Amino acid sequence: MAAILVTGANKGLGFETARRLVIAGHIVYIGSRDIERGRRASDQLGARVVQLDVTDDASVRAAVDTVEADGGLDVLINNAGVAAEWGARMPRSAPLR
């Protein structure tokens with residue numbers, strides 16, 4: 001049995017991933033920016049919830065502290081989506097060689 005954190009798990013693919021991991025007997029943390037939506041999802045699945053905004057360093061630190069206090073993590077599934085603002089310039093990627 002592994003302790004697994006799935007970011008962005010209060011809906012969509014993250015929710016389904018968390019659901020299957022709970023069924024398989026793992027300890028699953030649902031990482032969610034919106035704590036209430038995360039709580040609803042965790043209650044529905046029998047998982048644990050941790051408030052987590054992957055774009056906010058303080059939120060990430062608080063989530064790490066919470067999970068570490070509970071025994072630590074074996075697996076991270078980074079499913080959270082991050083979107084650039086409309087009109088923002090994205091950095092150019094290096095050419096493949």
# chains A, B, ... in the order shown; residues from 1 in each chain; ligands from 1
$ closest_atom_pairs --of "stretch 32-61 of chain A" --to "stretch 72-82 of chain A" --cutoff "12 Å" --atoms "only C-alpha atoms" --output "Markdown table"
| residue | atom | partner | partner_atom | distance |
| --- | --- | --- | --- | --- |
| A:Ser32 | CA | A:Ala80 | CA | 8.4 |
| A:Arg33 | CA | A:Ala80 | CA | 9.3 |
| A:Leu52 | CA | A:Ala80 | CA | 9.5 |
| A:Asp53 | CA | A:Ala80 | CA | 8.5 |
| A:Val54 | CA | A:Ala80 | CA | 7.3 |
| A:Thr55 | CA | A:Val82 | CA | 7.6 |
| A:Asp56 | CA | A:Val82 | CA | 11.3 |
$ select_by_dssp --residues "chain A" --states "strand (DSSP E or B)" --output "PyMOL selection string"
chain A and resi 3-7+27-32+48-51+75-77
$ closest_residue --among "A:Ala41, A:Ala9, A:Ala58, A:Ala2" --to "A:Ala24" --atoms "only C-alpha atoms"
A:Ala2
$ closest_residue --among "A:Ile4, A:Val64, A:Ile35, A:Leu13" --to "A:Ala47" --atoms "only C-alpha atoms"
A:Ile4
$ select_by_dssp --residues "chain A" --states "alpha helix (DSSP H)" --output "PyMOL selection string"
chain A and resi 12-23+35-45+57-69
$ write_last_selection --atoms "C-alpha atoms" --output "short mmCIF file (atom, residue, chain, number, x, y, z; two decimals), in the first residue's frame"
data_model
loop_
_atom_site.label_atom_id
_atom_site.label_comp_id
_atom_site.auth_asym_id
_atom_site.auth_seq_id
_atom_site.Cartn_x
_atom_site.Cartn_y
_atom_site.Cartn_z
CA GLY A 12 -11.84 14.79 -14.32
CA LEU A 13 -8.87 12.51 -14.91
CA GLY A 14 -7.37 13.26 -11.50
CA PHE A 15 -10.60 12.21 -9.80
CA GLU A 16 -10.77 8.98 -11.77
CA THR A 17 -7.11 8.23 -11.06
CA ALA A 18 -7.68 8.81 -7.34
CA ARG A 19 -10.81 6.64 -7.41
CA ARG A 20 -8.95 3.70 -8.92
CA LEU A 21 -6.04 4.07 -6.52
CA VAL A 22 -8.41 4.04 -3.52
CA ILE A 23 -10.08 0.90 -4.88
CA ILE A 35 -10.61 22.99 -0.36
CA GLU A 36 -14.40 22.54 -0.41
CA ARG A 37 -14.38 20.86 -3.83
CA GLY A 38 -11.47 18.74 -2.64
CA ARG A 39 -13.39 17.76 0.52
CA ARG A 40 -16.43 16.72 -1.48
CA ALA A 41 -14.28 14.58 -3.76
CA SER A 42 -12.34 13.02 -0.87
CA ASP A 43 -15.57 12.25 1.01
CA GLN A 44 -17.00 10.62 -2.09
CA LEU A 45 -13.88 8.49 -2.63
CA ASP A 57 5.08 28.15 -3.22
CA ALA A 58 3.50 28.71 0.21
CA SER A 59 0.61 26.40 -0.68
CA VAL A 60 3.04 23.72 -1.88
CA ARG A 61 5.09 24.03 1.35
CA ALA A 62 1.93 23.73 3.48
CA ALA A 63 0.83 20.63 1.54
CA VAL A 64 4.28 19.07 1.98
CA ASP A 65 4.16 19.75 5.72
CA THR A 66 0.68 18.20 5.98
CA VAL A 67 1.63 15.04 4.11
CA GLU A 68 4.97 14.66 5.92
CA ALA A 69 3.24 14.97 9.29
#
$ closest_residue --among "A:Val50, A:His26, A:Gly31, A:Asp70" --to "A:Lys11" --atoms "only C-alpha atoms"
A:Gly31
